[in-house]
Amino acid sequence: MSPPTASDRPVPRHGWPRAVAVVLAGLVAMGVVAALGLWAAGAAGLPGGAFPRVVAAAVVTAVGGSARLSGNAGALAETRAALTVIPLSVTLAGALVVGSGFLRPLRHRAVASATELAGWAARIAVLWTAALVGLALSARQTFAIDVGNGTLSDITGLFDATPKVGFTTDVPPTVLFGLLWLAGVLTLALLVSRGAPLPGRLLRFQESVRPAAHAMVVLLLAFVVLGLVVALLSAATRGHVARTFALILLGLPNVAWPALTLGLGATWNGRVDGPFGLPLPRVLDEVLRTPDVSTLNLRTLTEHDGRMWWLVVADAVLLAAVAFVMAARSPARVPAWRHALRLAVALALTVLMICLVSRISAHYGLSLLGIGDMGGGLSGELFLVPRLGSAVGLGALWGLVAGFVGALLARPVHRPGAAEAD
């Protein structure tokens, strides 16, 4: 009897138990990373047993969910608070685990029908929706702000105006953006994985899309690893270990990925005022802590620290490396100009994504009797936004050059399957 061939093997079923395992693994990974980061930041000491709710809020915002800050300081006072930031370390952990779990049952397959892939993704989406609803309903808390001793404390006590700030989540936007995040993760997993099956009608696109998508994921992960090395060295040489690990576990890509755009020549605008700060690297806090809106680019960074020019070197080396990998994973018959065009489009889209998810905005203030900010050290502002058009354009330009260079470097490399593709 002849051994069964690949086509004779039964198609693996993507049942509900496997979908439950994928969703739980993703939530556990995100929850652990968020909890450790918040613990390092000192959130474990929040009153009222609020730590689990803060962790839930971090997971919600990591998948694009909506979290609102609210303030109250009695009848004669008012608190104003706003926060817009995505903890991208938590996001990245969840994306890697969920994407890997989605692809695992599809291994060793050449083709999968659109119905099969849609059914498998739908099971995960149903369970993911239920998890998002539960997280959104549990991520709610109110805190009293300690204003210390002195005149401000006496005034707030006299007028019963003790400032309070809390957070809550909007369930419908959380579910909507959380499902969009899941769809993006699953789609990107199919695009990046070389061995994941595609419906027959989409096979003709895999040689043009998959190598470029894989190159961009490698580039983003490489910058996260580079940022991790810099953060650990900073913690070892300058101290502030707990604060550094909080940044690593909550927002390392929030620093590393904008650094990628800065090395390309992009410009960001921002300002830091009050207790807010950027612990790593310190040069960012120095550039942004000005009375007016600051310009953050290579020129302003190097004025404070000449070593920032190494961002250009890092971008050039890593882009050449991923361009080489992209060309080596493509058939030999693809001309160099087409590699350049594909990498230009991919890098422009990657820079656009970075600019959209790395924006930061935070504000807190206390006013009494409608007169100004009375909080002193309690008031502050932090924001960082990119100049989107120029950043995307520079990404496309760098992609053109790097794609062409990578194609030239990959010419001597033997590419398996190139002859069959021809």
# chains A, B, ... in the order shown; residues from 1 in each chain; ligands from 1
$ closest_atom_pairs --of "range 207-249 of chain A" --to "range 392-408 of chain A" --cutoff "12 Å" --atoms "only C-alpha atoms" --output "tab-separated table"
residue	atom	partner	partner_atom	distance
A:Pro211	CA	A:Gly403	CA	11.6
A:Ala212	CA	A:Gly403	CA	9.7
A:Ala215	CA	A:Gly403	CA	10.6
A:Met216	CA	A:Gly399	CA	10.6
$ select_by_dssp --residues "range 194-407 of chain A" --states "strand (DSSP E or B)" --output "ChimeraX atom specification"
/A:198,268-273,294-296,360-368,371,380-386
$ write_last_selection --atoms "C-alpha atoms" --output "compact mmCIF listing (two decimals), in the first residue's frame"
# COMPACT_ATOMS: atom_id res chain seq x y z
CA LEU A 198 -3.97 31.30 0.71
CA TRP A 268 7.57 65.53 14.88
CA ASN A 269 6.12 68.38 16.93
CA GLY A 270 5.55 68.16 20.65
CA ARG A 271 5.82 69.64 24.11
CA VAL A 272 6.45 68.39 27.63
CA ASP A 273 5.31 70.45 30.61
CA SER A 294 9.08 72.09 19.92
CA THR A 295 10.37 70.63 16.67
CA LEU A 296 11.77 67.13 17.00
CA ILE A 360 0.77 60.89 22.33
CA SER A 361 -1.46 63.40 24.06
CA ALA A 362 -1.90 63.88 27.80
CA HIS A 363 -3.17 66.75 29.95
CA TYR A 364 -4.24 67.23 33.55
CA GLY A 365 -5.19 70.42 35.35
CA LEU A 366 -7.11 71.68 38.40
CA SER A 367 -8.95 74.99 38.49
CA LEU A 368 -10.69 76.61 41.46
CA ILE A 371 -9.52 80.61 37.67
CA GLY A 380 0.91 69.23 33.06
CA GLU A 381 0.79 68.60 29.35
CA LEU A 382 2.49 66.18 26.98
CA PHE A 383 1.90 65.71 23.29
CA LEU A 384 3.82 64.39 20.31
CA VAL A 385 2.45 64.42 16.75
CA PRO A 386 4.16 63.84 13.38
$ closest_residue --among "A:Ala246, A:His339, A:Leu106, A:Glu286" --to "Gly42 in chain A" --atoms "only C-alpha atoms"
A:Ala246
$ closest_atom_pairs --of "range 54-136 of chain A" --to "range 171-193 of chain A" --cutoff "9 Å" --atoms "only C-alpha atoms" --output "Markdown table"
| residue | atom | partner | partner_atom | distance |
| --- | --- | --- | --- | --- |
| A:Val60 | CA | A:Thr174 | CA | 7.0 |
| A:Thr61 | CA | A:Thr174 | CA | 8.2 |
| A:Ala62 | CA | A:Gly178 | CA | 8.9 |
| A:Val63 | CA | A:Gly178 | CA | 5.3 |
| A:Gly64 | CA | A:Phe177 | CA | 5.3 |
| A:Gly65 | CA | A:Thr174 | CA | 3.9 |
| A:Ser66 | CA | A:Thr174 | CA | 5.3 |
| A:Ala67 | CA | A:Thr174 | CA | 8.2 |
| A:Ala95 | CA | A:Val185 | CA | 6.0 |
| A:Leu96 | CA | A:Val185 | CA | 8.4 |
| A:Val98 | CA | A:Val185 | CA | 7.6 |
| A:Gly99 | CA | A:Ala189 | CA | 5.4 |
| A:Ser100 | CA | A:Ala189 | CA | 7.5 |
| A:Phe102 | CA | A:Leu186 | CA | 7.0 |
| A:Leu103 | CA | A:Ala189 | CA | 7.2 |
| A:Ala121 | CA | A:Leu186 | CA | 7.6 |
| A:Ile124 | CA | A:Leu182 | CA | 8.9 |
| A:Ala125 | CA | A:Leu179 | CA | 6.9 |
| A:Trp128 | CA | A:Leu179 | CA | 7.6 |
| A:Thr129 | CA | A:Val175 | CA | 6.2 |
| A:Ala130 | CA | A:Val175 | CA | 8.8 |
| A:Leu132 | CA | A:Val175 | CA | 6.0 |
| A:Val133 | CA | A:Val171 | CA | 6.3 |
| A:Ala136 | CA | A:Val171 | CA | 5.7 |
$ closest_residue --among "A:Ala58, A:Leu220, A:Pro197, A:Ala410" --to "Glu116 in chain A" --atoms "only C-alpha atoms"
A:Pro197
$ residues_around --residues "Val313 in chain A" --least-positions-apart "5" --cutoff "10 Å" --atoms "only C-alpha atoms" --output "MDAnalysis selection string"
chainID A and resid 263:264 308 318:319
$ closest_residue --among "A:Val287, A:Ala336, A:Leu92, A:Met326" --to "Leu221 in chain A" --atoms "only C-alpha atoms"
A:Leu92
$ closest_residue --among "A:Ala222, A:Leu232, A:Leu409, A:Ala196" --to "Arg109 in chain A" --atoms "only C-alpha atoms"
A:Ala196
